[in-house]
Structure formats: structure tokens, C-alpha cells
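One file, upload_36.txt, is given below (compact mmCIF, C-alpha atoms).
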```
# COMPACT_ATOMS: atom_id res chain seq x y z
CA MET T 20 29.35 -3.73 -23.85
CA THR T 21 26.96 -4.00 -20.89
CA SER T 22 25.47 -6.93 -18.99
CA GLU T 23 22.01 -5.89 -20.21
CA LEU T 24 23.05 -5.91 -23.86
CA LEU T 25 24.81 -9.25 -23.53
CA ALA T 26 21.71 -10.68 -21.83
CA LYS T 27 19.59 -9.64 -24.82
CA ARG T 28 22.06 -11.25 -27.23
CA TRP T 29 22.18 -14.39 -25.03
CA ALA T 30 18.38 -14.66 -25.11
CA GLY T 31 18.45 -14.37 -28.89
CA VAL T 32 20.77 -17.33 -29.46
CA MET T 33 20.81 -19.59 -26.41
CA MET T 34 18.37 -22.34 -25.42
CA ASP T 35 16.45 -21.31 -22.32
CA ASN T 36 17.57 -24.13 -20.06
CA TYR T 37 19.39 -21.76 -17.65
CA GLY T 38 17.10 -18.79 -17.93
CA THR T 39 18.92 -15.60 -18.91
CA PRO T 40 21.61 -14.71 -16.33
CA GLN T 41 21.65 -11.15 -15.03
CA LEU T 42 25.42 -10.87 -14.72
CA ALA T 43 28.09 -11.00 -17.45
CA LEU T 44 31.58 -11.64 -16.10
CA ALA T 45 34.68 -10.57 -17.95
CA ALA T 46 37.61 -11.53 -15.72
CA GLY T 47 38.68 -12.95 -12.40
CA HIS T 48 41.69 -12.78 -10.12
CA GLY T 49 41.97 -14.66 -6.86
CA VAL T 50 38.62 -14.59 -5.07
CA ARG T 51 37.38 -11.55 -7.03
CA VAL T 52 35.66 -11.42 -10.40
CA SER T 53 34.70 -8.39 -12.47
CA ASP T 54 31.80 -7.86 -14.83
CA VAL T 55 31.83 -6.34 -18.30
CA GLU T 56 31.08 -2.90 -16.83
CA GLY T 57 34.00 -3.07 -14.41
CA GLY T 58 32.02 -3.97 -11.30
CA SER T 59 33.97 -6.06 -8.78
CA TYR T 60 32.59 -8.94 -6.71
CA LEU T 61 33.79 -11.32 -4.04
CA ASP T 62 33.06 -14.71 -5.57
CA PHE T 63 31.49 -16.95 -2.92
CA VAL T 64 30.00 -19.21 -5.60
CA ALA T 65 33.30 -20.22 -7.27
CA GLY T 66 31.55 -21.51 -10.37
CA ILE T 67 29.45 -23.83 -8.15
CA ALA T 68 32.42 -25.03 -6.07
CA VAL T 69 34.62 -25.50 -9.14
CA SER T 70 37.22 -22.73 -8.89
CA ALA T 71 39.08 -24.32 -5.98
CA LEU T 72 42.13 -22.07 -6.38
CA GLY T 73 40.14 -19.00 -7.36
CA HIS T 74 40.65 -17.27 -10.68
CA GLY T 75 43.88 -16.94 -12.63
CA HIS T 76 45.94 -18.92 -10.14
CA PRO T 77 49.55 -18.93 -11.40
CA ALA T 78 49.97 -22.68 -10.83
CA ILE T 79 47.02 -23.50 -13.11
CA VAL T 80 47.96 -20.85 -15.67
CA ALA T 81 51.50 -22.24 -15.90
CA ALA T 82 50.43 -25.89 -16.01
CA VAL T 83 47.79 -25.33 -18.69
CA SER T 84 49.99 -23.02 -20.77
CA GLU T 85 52.89 -25.45 -20.77
CA GLN T 86 50.72 -28.47 -21.51
CA VAL T 87 48.67 -26.91 -24.30
CA ALA T 88 51.90 -25.90 -25.99
CA ALA T 89 53.32 -29.41 -25.62
CA LEU T 90 50.30 -31.66 -26.27
CA ALA T 91 46.69 -30.50 -26.00
CA HIS T 92 44.91 -33.70 -26.95
CA SER T 93 45.86 -37.27 -27.68
CA SER T 94 42.66 -39.43 -27.46
CA ASN T 95 42.67 -42.56 -25.32
CA LEU T 96 44.46 -44.54 -28.02
CA VAL T 97 47.78 -43.54 -26.49
CA ILE T 98 49.25 -42.88 -23.03
CA HIS T 99 50.17 -39.41 -21.82
CA GLU T 100 52.15 -38.72 -18.65
CA PRO T 101 49.86 -36.05 -17.09
CA GLY T 102 47.05 -38.61 -17.01
CA VAL T 103 49.23 -41.27 -15.41
CA LEU T 104 50.60 -38.78 -12.87
CA LEU T 105 47.10 -37.60 -11.95
CA ALA T 106 45.77 -41.14 -11.53
CA GLU T 107 48.80 -42.03 -9.40
CA LYS T 108 48.20 -38.94 -7.27
CA LEU T 109 44.51 -39.73 -6.77
CA GLN T 110 45.31 -43.34 -5.89
CA SER T 111 47.83 -42.09 -3.33
CA LEU T 112 45.36 -39.63 -1.80
CA THR T 113 42.76 -42.36 -1.32
CA GLY T 114 45.34 -44.45 0.52
CA ASP T 115 44.17 -47.59 -1.29
CA PRO T 116 46.55 -49.26 -3.78
CA THR T 117 43.61 -51.16 -5.32
CA ALA T 118 42.12 -47.86 -6.60
CA ARG T 119 41.77 -47.59 -10.36
CA VAL T 120 40.73 -44.37 -12.13
CA PHE T 121 38.57 -43.53 -15.14
CA PHE T 122 38.69 -39.91 -16.28
CA ALA T 123 35.54 -38.22 -17.59
CA ASN T 124 34.66 -34.67 -18.59
CA ASP T 125 32.57 -33.77 -15.55
CA GLY T 126 30.55 -35.06 -12.64
CA THR T 127 27.57 -36.42 -14.51
CA GLU T 128 29.89 -38.49 -16.73
CA ALA T 129 31.73 -39.74 -13.64
CA ASN T 130 28.39 -40.92 -12.25
CA GLU T 131 27.44 -42.48 -15.60
CA CYS T 132 30.63 -44.50 -15.27
CA ALA T 133 29.64 -45.52 -11.73
CA ILE T 134 26.18 -46.61 -12.92
CA LYS T 135 27.71 -48.76 -15.66
CA LEU T 136 30.11 -50.32 -13.15
CA SER T 137 27.11 -51.05 -10.91
CA ARG T 138 25.36 -52.82 -13.79
CA LEU T 139 28.46 -54.90 -14.51
CA TYR T 140 28.75 -55.77 -10.84
CA GLY T 141 25.08 -56.78 -10.63
CA ARG T 142 25.38 -59.02 -13.67
CA SER T 143 28.61 -60.54 -12.35
CA VAL T 144 26.79 -61.54 -9.15
CA ASP T 145 23.54 -62.58 -10.82
CA PRO T 146 23.86 -63.24 -14.57
CA SER T 147 20.07 -63.63 -14.82
CA GLY T 148 19.68 -59.86 -14.36
CA GLY T 149 18.03 -60.09 -10.98
CA ARG T 150 20.50 -57.77 -9.28
CA LEU T 151 20.38 -54.52 -11.24
CA GLY T 152 18.51 -52.32 -8.75
CA LEU T 153 19.96 -49.03 -7.52
CA VAL T 154 19.16 -47.14 -4.34
CA ALA T 155 19.58 -43.38 -4.05
CA ALA T 156 18.41 -40.64 -1.70
CA SER T 157 15.52 -38.23 -1.95
CA ASN T 158 16.66 -34.68 -2.78
CA SER T 159 19.94 -36.01 -4.12
CA PHE T 160 21.61 -34.60 -7.24
CA HIS T 161 23.97 -36.67 -9.36
CA GLY T 162 23.80 -34.97 -12.78
CA ARG T 163 21.59 -34.34 -15.79
CA THR T 164 22.37 -37.09 -18.29
CA MET T 165 19.73 -39.80 -18.49
CA GLY T 166 21.60 -42.23 -16.25
CA ALA T 167 22.70 -39.70 -13.63
CA LEU T 168 19.24 -38.15 -13.72
CA ALA T 169 17.71 -41.55 -12.97
CA ILE T 170 19.40 -41.59 -9.55
CA THR T 171 18.69 -37.90 -8.85
CA GLY T 172 16.08 -37.64 -6.12
CA ASN T 173 14.50 -34.40 -7.31
CA PRO T 174 11.20 -35.13 -9.11
CA SER T 175 11.07 -31.71 -10.79
CA LYS T 176 14.35 -32.42 -12.56
CA ARG T 177 13.67 -36.10 -13.25
CA GLU T 178 10.00 -36.51 -14.15
CA PRO T 179 9.91 -34.47 -17.43
CA PHE T 180 12.42 -36.93 -18.93
CA GLU T 181 10.95 -40.23 -17.76
CA PRO T 182 11.15 -43.10 -18.51
CA LEU T 183 14.71 -43.26 -17.21
CA PRO T 184 17.04 -46.21 -16.65
CA GLY T 185 16.09 -48.26 -13.63
CA PRO T 186 15.01 -49.73 -11.40
CA VAL T 187 15.88 -47.04 -8.80
CA THR T 188 14.49 -46.86 -5.28
CA PHE T 189 14.66 -43.57 -3.38
CA VAL T 190 14.94 -43.40 0.40
CA ASP T 191 14.93 -40.45 2.78
CA TYR T 192 18.46 -39.10 3.20
CA GLY T 193 19.92 -39.78 6.62
CA GLU T 194 17.35 -42.45 7.58
CA VAL T 195 19.35 -45.57 8.37
CA GLU T 196 16.42 -47.94 8.76
CA ALA T 197 14.85 -46.79 5.49
CA LEU T 198 18.14 -47.53 3.75
CA ARG T 199 18.42 -50.91 5.43
CA ALA T 200 14.90 -51.84 4.31
CA ALA T 201 15.63 -50.84 0.70
CA VAL T 202 18.92 -52.69 0.23
CA ASP T 203 18.36 -56.38 -0.47
CA SER T 204 19.65 -59.07 -2.80
CA HIS T 205 18.15 -57.26 -5.82
CA VAL T 206 20.29 -54.13 -5.29
CA ALA T 207 23.56 -53.71 -7.15
CA ALA T 208 24.60 -50.38 -5.64
CA VAL T 209 23.69 -47.53 -3.31
CA PHE T 210 24.49 -43.96 -4.39
CA LEU T 211 24.93 -41.31 -1.66
CA GLU T 212 26.48 -37.88 -1.22
CA PRO T 213 28.40 -37.21 2.04
CA THR T 214 26.49 -33.91 2.14
CA GLN T 215 23.71 -33.05 -0.30
CA GLY T 216 24.95 -29.95 -2.08
CA GLU T 217 22.13 -29.09 -4.44
CA ALA T 218 19.57 -29.79 -1.73
CA GLY T 219 21.03 -26.84 0.15
CA VAL T 220 24.21 -28.23 1.77
CA VAL T 221 22.43 -30.85 3.88
CA PRO T 222 24.72 -33.06 5.99
CA PRO T 223 23.49 -36.45 7.22
CA PRO T 224 23.32 -37.50 10.88
CA THR T 225 26.63 -38.61 12.38
CA GLY T 226 27.37 -42.22 11.50
CA TYR T 227 25.06 -42.37 8.47
CA LEU T 228 27.77 -43.15 5.92
CA ARG T 229 29.30 -45.79 8.19
CA ALA T 230 25.87 -47.39 8.59
CA ALA T 231 25.46 -47.30 4.80
CA ARG T 232 28.82 -49.04 4.43
CA GLN T 233 27.72 -51.78 6.83
CA ILE T 234 24.33 -52.20 5.14
CA CYS T 235 25.94 -52.56 1.71
CA ASP T 236 28.49 -55.05 3.02
CA GLU T 237 25.79 -57.18 4.63
CA ALA T 238 23.67 -57.17 1.46
CA GLY T 239 26.57 -57.58 -0.94
CA ALA T 240 25.83 -54.26 -2.70
CA LEU T 241 28.33 -51.65 -3.85
CA LEU T 242 28.51 -48.32 -2.04
CA VAL T 243 29.02 -45.41 -4.43
CA ILE T 244 29.91 -42.07 -2.85
CA ASP T 245 29.38 -38.97 -4.97
CA GLU T 246 32.01 -36.45 -3.85
CA ILE T 247 31.64 -34.24 -6.88
CA GLN T 248 31.00 -31.18 -4.68
CA SER T 249 32.35 -32.35 -1.34
CA GLY T 250 35.68 -33.70 -2.59
CA ILE T 251 39.09 -32.11 -3.21
CA GLY T 252 39.21 -30.02 -0.05
CA ARG T 253 35.77 -28.42 0.03
CA THR T 254 35.07 -29.78 3.54
CA GLY T 255 38.68 -29.45 4.74
CA HIS T 256 39.51 -33.02 3.71
CA TRP T 257 40.52 -34.55 0.41
CA PHE T 258 37.42 -36.76 0.57
CA ALA T 259 34.67 -36.29 3.15
CA SER T 260 33.70 -39.98 3.16
CA ILE T 261 37.21 -41.32 3.72
CA ALA T 262 37.74 -38.69 6.44
CA ASP T 263 34.60 -40.12 8.05
CA GLY T 264 36.18 -43.57 8.09
CA VAL T 265 34.29 -44.92 5.08
CA THR T 266 35.99 -46.23 1.96
CA PRO T 267 33.40 -46.64 -0.78
CA ASP T 268 33.55 -49.19 -3.56
CA ILE T 269 33.29 -46.35 -6.07
CA LEU T 270 34.11 -42.66 -5.56
CA THR T 271 33.13 -39.97 -8.07
CA LEU T 272 34.85 -36.58 -8.36
CA ALA T 273 34.70 -33.46 -10.54
CA LYS T 274 34.12 -29.73 -9.84
CA GLY T 275 37.15 -28.65 -7.75
CA LEU T 276 39.38 -31.32 -9.27
CA GLY T 277 40.18 -29.28 -12.38
CA GLY T 278 40.12 -25.85 -10.75
CA GLY T 279 38.06 -24.52 -13.67
CA LEU T 280 39.07 -27.01 -16.36
CA PRO T 281 36.53 -29.74 -17.23
CA ILE T 282 37.49 -33.07 -15.71
CA GLY T 283 35.76 -35.75 -13.65
CA ALA T 284 36.97 -39.00 -12.19
CA CYS T 285 35.34 -42.30 -11.27
CA ILE T 286 37.55 -44.29 -8.89
CA GLY T 287 36.85 -47.95 -8.25
CA PHE T 288 38.26 -49.84 -5.28
CA GLY T 289 38.74 -53.57 -4.77
CA LYS T 290 36.20 -55.62 -6.72
CA ALA T 291 34.79 -52.50 -8.42
CA ALA T 292 38.21 -51.55 -9.79
CA GLY T 293 38.43 -54.47 -12.19
CA LEU T 294 34.95 -54.63 -13.73
CA PHE T 295 35.71 -52.80 -16.96
CA THR T 296 37.35 -54.65 -19.80
CA PRO T 297 38.64 -53.15 -23.06
CA GLY T 298 35.76 -51.61 -25.00
CA SER T 299 33.24 -51.48 -22.14
CA HIS T 300 33.56 -47.73 -21.52
CA GLY T 301 35.42 -44.71 -22.85
CA SER T 302 35.57 -40.96 -23.46
CA THR T 303 37.10 -38.98 -26.30
CA PHE T 304 38.04 -35.93 -24.27
CA GLY T 305 37.90 -37.27 -20.70
CA GLY T 306 41.23 -36.82 -18.93
CA ASN T 307 42.94 -35.02 -21.79
CA PRO T 308 46.49 -33.81 -21.10
CA VAL T 309 45.55 -30.16 -20.47
CA CYS T 310 42.82 -30.96 -17.95
CA CYS T 311 45.03 -33.52 -16.21
CA ALA T 312 47.83 -30.95 -15.95
CA ALA T 313 45.39 -28.45 -14.43
CA ALA T 314 44.13 -31.04 -11.94
CA LEU T 315 47.66 -31.97 -10.95
CA ALA T 316 48.39 -28.28 -10.32
CA VAL T 317 45.29 -28.07 -8.13
CA LEU T 318 46.22 -31.11 -6.04
CA GLU T 319 49.86 -30.10 -5.68
CA THR T 320 48.92 -26.55 -4.67
CA ILE T 321 46.41 -27.75 -2.08
CA GLU T 322 49.12 -30.00 -0.64
CA ARG T 323 51.99 -27.48 -0.84
CA ASP T 324 50.02 -24.60 0.67
CA ASP T 325 48.24 -26.71 3.32
CA LEU T 326 44.89 -25.57 1.98
CA LEU T 327 43.10 -28.39 3.79
CA GLY T 328 44.16 -26.86 7.11
CA HIS T 329 43.40 -23.41 5.76
CA VAL T 330 39.88 -24.48 4.77
CA GLN T 331 39.24 -25.77 8.28
CA ARG T 332 40.56 -22.59 9.92
CA CYS T 333 38.98 -20.12 7.52
CA GLY T 334 35.79 -22.16 7.40
CA ALA T 335 35.48 -21.88 11.17
CA VAL T 336 35.65 -18.08 10.83
CA LEU T 337 33.00 -18.13 8.11
CA GLU T 338 30.71 -20.42 10.07
CA ALA T 339 31.03 -18.32 13.25
CA GLY T 340 30.31 -15.18 11.27
CA LEU T 341 27.24 -16.68 9.59
CA ARG T 342 25.86 -17.83 12.92
CA ALA T 343 26.49 -14.37 14.37
CA LEU T 344 24.34 -12.70 11.69
CA ASP T 345 21.41 -13.43 14.01
CA SER T 346 18.68 -12.20 11.67
CA PRO T 347 14.99 -13.11 11.92
CA LEU T 348 15.32 -14.10 8.25
CA ILE T 349 17.81 -16.85 9.12
CA GLN T 350 16.56 -20.17 10.42
CA GLN T 351 19.72 -22.30 10.32
CA VAL T 352 23.33 -22.44 9.18
CA ARG T 353 24.66 -25.85 8.13
CA GLY T 354 27.70 -27.28 6.40
CA SER T 355 31.42 -27.65 6.98
CA GLY T 356 34.77 -26.50 5.64
CA LEU T 357 34.12 -23.71 3.14
CA TRP T 358 30.70 -24.98 2.13
CA PHE T 359 27.60 -23.67 3.90
CA GLY T 360 23.87 -23.41 3.44
CA VAL T 361 22.07 -20.52 5.08
CA VAL T 362 18.49 -21.66 5.57
CA LEU T 363 16.01 -18.78 5.50
CA THR T 364 12.65 -18.46 7.18
CA SER T 365 10.92 -17.72 3.85
CA ASP T 366 11.53 -18.10 0.11
CA CYS T 367 13.64 -14.96 -0.18
CA ALA T 368 16.98 -16.45 -1.25
CA ALA T 369 16.81 -14.91 -4.73
CA VAL T 370 16.03 -11.46 -3.32
CA ILE T 371 18.94 -11.65 -0.87
CA GLU T 372 21.22 -12.91 -3.64
CA GLN T 373 20.39 -9.82 -5.71
CA ALA T 374 20.90 -7.52 -2.71
CA ALA T 375 24.25 -9.16 -2.00
CA ARG T 376 25.29 -8.82 -5.64
CA GLU T 377 24.46 -5.12 -5.53
CA ARG T 378 26.86 -4.94 -2.57
CA GLY T 379 29.68 -6.74 -4.37
CA LEU T 380 29.13 -10.30 -3.13
CA LEU T 381 28.16 -13.33 -5.20
CA VAL T 382 26.24 -16.09 -3.41
CA ASN T 383 24.01 -18.82 -4.79
CA PRO T 384 20.25 -19.16 -4.08
CA VAL T 385 20.45 -22.93 -4.41
CA ARG T 386 16.90 -23.34 -3.09
CA PRO T 387 14.10 -20.77 -2.76
CA ASN T 388 14.86 -20.65 0.98
CA VAL T 389 18.56 -21.53 1.03
CA LEU T 390 21.68 -19.55 0.14
CA ARG T 391 24.79 -21.58 -0.67
CA LEU T 392 28.27 -20.21 0.01
CA ALA T 393 31.27 -22.00 -1.50
CA PRO T 394 34.20 -19.59 -1.92
CA PRO T 395 37.53 -20.65 -3.43
CA LEU T 396 39.70 -22.61 -1.01
CA ILE T 397 42.26 -19.78 -1.08
CA VAL T 398 39.86 -17.21 0.42
CA THR T 399 41.45 -15.19 3.23
CA GLU T 400 39.94 -14.35 6.62
CA SER T 401 39.86 -10.70 5.53
CA GLU T 402 37.81 -11.62 2.46
CA VAL T 403 35.50 -13.72 4.64
CA GLU T 404 34.94 -10.69 6.88
CA GLN T 405 34.21 -8.51 3.83
CA ALA T 406 31.72 -11.09 2.57
CA LEU T 407 29.99 -11.32 5.94
CA HIS T 408 29.70 -7.52 6.06
CA ALA T 409 28.08 -7.45 2.60
CA LEU T 410 25.77 -10.36 3.39
CA ARG T 411 24.66 -8.78 6.65
CA ALA T 412 23.86 -5.53 4.83
CA ALA T 413 21.95 -7.42 2.13
CA ILE T 414 19.87 -9.36 4.64
CA GLU T 415 19.12 -6.23 6.65
CA ALA T 416 18.03 -4.41 3.49
CA VAL T 417 15.68 -7.23 2.50
CA ARG T 418 14.36 -7.39 6.05
CA ALA T 419 13.71 -3.65 6.07
CA ASP T 420 11.95 -3.85 2.70
CA GLN T 421 9.73 -6.66 3.96
CA ALA T 422 8.86 -4.59 7.05
CA ASP T 423 8.00 -1.55 4.90
CA ARG T 424 5.72 -3.67 2.74
CA ALA T 425 4.01 -5.14 5.78
CA ASP T 426 3.42 -1.62 7.14
CA SER T 427 1.99 -0.41 3.82
CA TYR T 428 -0.40 -3.38 3.69
CA GLY T 429 -1.34 -2.88 7.34
```

Would you give me this structure, written as C-alpha cells?
Amino acid sequence: MTSELLAKRWAGVMMDNYGTPQLALAAGHGVRVSDVEGGSYLDFVAGIAVSALGHGHPAIVAAVSEQVAALAHSSNLVIHEPGVLLAEKLQSLTGDPTARVFFANDGTEANECAIKLSRLYGRSVDPSGGRLGLVAASNSFHGRTMGALAITGNPSKREPFEPLPGPVTFVDYGEVEALRAAVDSHVAAVFLEPTQGEAGVVPPPTGYLRAARQICDEAGALLVIDEIQSGIGRTGHWFASIADGVTPDILTLAKGLGGGLPIGACIGFGKAAGLFTPGSHGSTFGGNPVCCAAALAVLETIERDDLLGHVQRCGAVLEAGLRALDSPLIQQVRGSGLWFGVVLTSDCAAVIEQAARERGLLVNPVRPNVLRLAPPLIVTESEVEQALHALRAAIEAVRADQADRADSYG
């Protein structure tokens, strides 16, 4: 079997919503994955920041194997201990005993839950329905279901599916005064990411989240922080917002939480924790025993192996190396922890991604002019150096090709 043959079969049976991928993976171990032809790659995509412990981590393998043999699924009609343990662990990590958890299947479902909580909150404050507005940021990404899409500030993703639930007002990300002007007595909640991942790993100005917290408090609106990409150690902290001194009313998680197993979480604090009543929300598969066991293994491994400290140390090496690439194709490096966007001077991210792949490195062209790097949290400094070497070679090759083309046209 080859990647090319599998791509043809894929195109013959799959909807075209992803386009046809060029790479067919067969296995993974640690930070490396291999394709169906035996090619080996350093994985600096990690399933879009999902594979927090890399591939085939023994803690996840053991937890999932033991749990699937004991009880794979139970529905939410009964209690299972892995779910209780995971909720207790998340509550402990937030440091807030008022935290209450709802488990979903992924990030978009976690945000759907947050939207429904926002509606309940708005109606509890104003039963006439005059406080149902939401505020979100331009270039934000919160998911692809109709509710999550409604608060996603990317018109190309949102507009083909309009009309969407509303009303939603979008403001420029990082602009405090624009946010202040948008949040009034008609707004139920503000949705923000601590760093905009799909926009190309875009952090806000210092103090932005704290200003958002103050603005929401003054207006009586909920603050919802989407930590689906930034959470569970990606920035070197359990939660980027709480590390920044901001406790939201609602926190949403997914991606790295399950380490490769599908699970999301919507955590409500204080007044937002008690809005649901029996029957107001649910999920058949969300937080099933196997996924909860996997998530517990992820959290316990991060804690046991001090991966938060490791992310900060190894991330500093990666950031320094990216800044030292010093290519005319690179305009800016931004991000934190093990999560960076390399902003390019032209729309050549896809070309560099292919050149890097040919050199055994997987990176993500998240925008036409931005490469996103998000390796597993267990990546070593040696693997970071190998990745930087491959990325430098890829960028130099693309640069040389561009120069040759310019000469031929000249």
C-alpha cells in the first residue's frame, strides 16, 4: 500500500471537506510517526495539538487497555469512577471548588455547552430575552457546529452556513476599547481565546484578558475562555488564562486533554456552574469511561513528569532556534510554551510545509503565510534541534527556488 493509492481510494469514498491529504500515516511512537511506505517524520503538528504525550505513550495505552476491558461505555444514566476522578482532578487544577464539569466529545461540543449556558444565564438575568447577545473576536475559531460556528470570527468558514444562531458581535482581538464598547446590558457572554490558534498562534497584548474580565464584571456578562488549544500544558501552564490571573466564568477544553482520545470539557465556575438542571443538556458518548481514563493518564503524567516545566524549558529552546533561523522569508515568530506561529513574508507556508515533510518534519500551514508548530509536550531538546535543522533546510530550499524563478523571469 502507498500513500498515493490510499489517496485515490480516499477521494473515491470520502466527502471533500478536508481535501485529499497527501500523507497516509500508519504508526507513531513518541514524537515520531511513520507513513505506510515506512517514511519517518518528527511530528510537530501532534494531531493539531492533540497528542500531548506523543504517540503510543505507555500510560495512555495501559489506561485505555484496562478501561476498555473493564467498562467501555455506560451512558450518562449511571455513574462511573473514571468520570468522577477526572472531574475531581480538573476541579483541583483550576483551584476553584465551585467548578462543575460537563464532558463532551470534543472542543466544538464543549463550546456548544458554553453557548447554551450563556443563553440560560441571559434568560436568568432578563427573562424577556433582552440579554442573549454574545461577543466574540475577529479571526477567532471555536468549532464547526452551527452554534460554535456562530461565534467563529472567520467569515470564510461562517458565511456559507448563515443564518447562524445569534446575535453575535465581533470585535478586533486585543482591542480593549472595542471590547468595552461592545459589552453592554444586552450581552450575556464574551468568548475569547487566550491565544488565537487557528489565526496563526496570535497572542493578545499583555493585560487583555484581565481587561476583558473587568469589562464583563462591570457589565454583568459572563467571560468564556476557550482553552481548547492553549490548555492542558500547551503554553507551559495547565490553563493560560488562570496563569494570567484570570478566572473565567466558563472554561472550555479538549484537544490535549485526551491525548488522542476524543473528549472535551466545559467547566463552569460560580454562578455559571449551577445553570443546568436535569434534562437541559447531555451527551451520549461525552466523557465515556475509556476517554476519561485516557485523560486521567494524561493529567497524571504531566504532573508526575513535570511536563509543565519541561514545556517551558524546551519551548525556550524551540523559540530561540526559530528566531535564529534569520531567513528573509520569516517576518515574525510568536507564541509561547510549545506552540508557535512562524509568520512568513509571503504566502509560501504550504510550499515550506511540503519541503519540510520531504525532510522528515511535519509542520502545519495554518494560514497561507503562517506555519504552526505544536509538538507533543514530551519532545526532547535533541528532537527540537533536529526539527530546527530540517525546517532551516526546507526554508533555504524554498528561498533558493524562489531566487531561481526570479532569475529565470528576469

Students should find that atom CA of T:Ala118 and atom CA of T:Ile261 are spaced 13.2 Å

Closest pair table for stretch 55-91 of chain T residues within 10 Å of stretch 402-411 of chain T, only C-alpha atoms, as a Markdown table:
```
| residue | atom | partner | partner_atom | distance |
| --- | --- | --- | --- | --- |
| T:Tyr60 | CA | T:Ala406 | CA | 9.6 |
| T:Leu61 | CA | T:Ala406 | CA | 6.9 |
| T:Asp62 | CA | T:Ala406 | CA | 9.0 |
| T:Phe63 | CA | T:Ala406 | CA | 8.0 |
```

Could you tell me which of T:Arg177, T:Arg424, T:Arg51, T:Arg342 comes closest to T:Gly379 if we count only C-alpha atoms?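 Using only C-alpha atoms, the shortest distance to T:Gly379 belongs to T:Arg51.
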
Do a neighbour search on T:Val55 at 7 Å with all atoms listed in the file, toss out local chain neighbours closer than 4 positions, and write the hits as a ChimeraX atom specification. /T:20-22,43-45

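Using only C-alpha atoms, the nearest neighbour of T:Ser204 within the list T:Leu228, T:Leu151, T:Val97, T:Ala89 is T:Leu151.
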
Which value, in Å to one decimal, gives the distance between atom CA of T:Phe160 and atom CA of T:Gly172? 6.4 Å

List the neighbours of T:Lys290 out to 12 Å using only C-alpha atoms; skip same-chain residues closer than 4 positions along the sequence, and give me the result as a CSV table (one decimal) with C-alpha atoms, in the coordinates of the input.
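The resulting out-v3.csv:
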```csv
chain,number,residue,atom,x,y,z
T,117,THR,CA,43.6,-51.2,-5.3
T,118,ALA,CA,42.1,-47.9,-6.6
T,119,ARG,CA,41.8,-47.6,-10.4
T,136,LEU,CA,30.1,-50.3,-13.2
T,137,SER,CA,27.1,-51.0,-10.9
T,139,LEU,CA,28.5,-54.9,-14.5
T,140,TYR,CA,28.8,-55.8,-10.8
T,141,GLY,CA,25.1,-56.8,-10.6
T,143,SER,CA,28.6,-60.5,-12.4
T,144,VAL,CA,26.8,-61.5,-9.2
T,239,GLY,CA,26.6,-57.6,-0.9
T,240,ALA,CA,25.8,-54.3,-2.7
T,241,LEU,CA,28.3,-51.6,-3.8
T,242,LEU,CA,28.5,-48.3,-2.0
T,267,PRO,CA,33.4,-46.6,-0.8
T,268,ASP,CA,33.6,-49.2,-3.6
T,269,ILE,CA,33.3,-46.4,-6.1
T,286,ILE,CA,37.6,-44.3,-8.9
T,294,LEU,CA,35.0,-54.6,-13.7
T,295,PHE,CA,35.7,-52.8,-17.0
```

Calculate how many Å separate atom CA of T:His329 from atom CA of T:Ile282, rounding to one decimal.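 These atoms are spaced 24.3 Å apart.
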
I need every residue sitting at most 9 Å from the point (20.6, -22.0, 2.0) (coordinates as in the file, all atoms listed in the file considered), written as number ranges by chain. T: 218-220, 351-353, 359-363, 368, 383-392

Given only C-alpha atoms as the basis, pick out the residue of T:Leu318, T:Ala374, T:Ile349, T:Leu396 nearest to T:Gln331.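 Comparing T:Leu318, T:Ala374, T:Ile349, T:Leu396 against T:Gln331, the winner is T:Leu396.
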
Quick one: residues within 7 Å of T:Ala284, all atoms listed in the file, excluding same-chain residues fewer than 5 positions away - as a list in words? Val120, Phe121, Phe122, Ala123, Ala129, Thr271, Leu272 and Ala273 of chain T

Find the residue from T:Gly354, T:Ala71, T:Ile321, T:Glu237 that sits nearest to T:Pro213; use all atoms listed in the file when measuring.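 Going through T:Gly354, T:Ala71, T:Ile321, T:Glu237 one by one, the smallest distance to T:Pro213 is for T:Gly354.
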
Is it possible to produce a file of stretch 93-97 of chain T from this structure, with all heavy atoms, as a short mmCIF file (atom, residue, chain, number, x, y, z; two decimals), in the first residue's frame?
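File written: decode.cif
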```
data_model
loop_
_atom_site.label_atom_id
_atom_site.label_comp_id
_atom_site.auth_asym_id
_atom_site.auth_seq_id
_atom_site.Cartn_x
_atom_site.Cartn_y
_atom_site.Cartn_z
N SER T 93 -21.04 3.42 29.22
CA SER T 93 -22.08 3.21 30.24
C SER T 93 -23.29 4.10 30.03
O SER T 93 -24.30 3.92 30.70
CB SER T 93 -21.50 3.47 31.63
OG SER T 93 -21.13 4.83 31.74
N SER T 94 -23.18 5.13 29.15
CA SER T 94 -24.18 6.20 29.00
C SER T 94 -24.10 7.10 30.23
O SER T 94 -23.37 6.83 31.18
CB SER T 94 -25.61 5.67 28.83
OG SER T 94 -26.21 5.40 30.08
N ASN T 95 -24.90 8.18 30.21
CA ASN T 95 -24.92 9.07 31.37
C ASN T 95 -26.09 8.77 32.30
O ASN T 95 -26.48 9.60 33.11
CB ASN T 95 -24.96 10.54 30.91
CG ASN T 95 -26.03 10.77 29.86
OD1 ASN T 95 -27.09 10.18 29.94
ND2 ASN T 95 -25.75 11.62 28.90
N LEU T 96 -26.63 7.55 32.16
CA LEU T 96 -27.70 7.13 33.06
C LEU T 96 -27.15 6.57 34.35
O LEU T 96 -27.91 6.32 35.30
CB LEU T 96 -28.58 6.07 32.37
CG LEU T 96 -29.25 6.51 31.06
CD1 LEU T 96 -29.99 5.35 30.43
CD2 LEU T 96 -30.20 7.68 31.32
N VAL T 97 -25.83 6.33 34.35
CA VAL T 97 -25.19 5.77 35.55
C VAL T 97 -23.90 6.56 35.82
O VAL T 97 -23.44 7.34 34.98
CB VAL T 97 -24.87 4.27 35.37
CG1 VAL T 97 -26.12 3.46 35.13
CG2 VAL T 97 -23.87 4.08 34.23
#
```
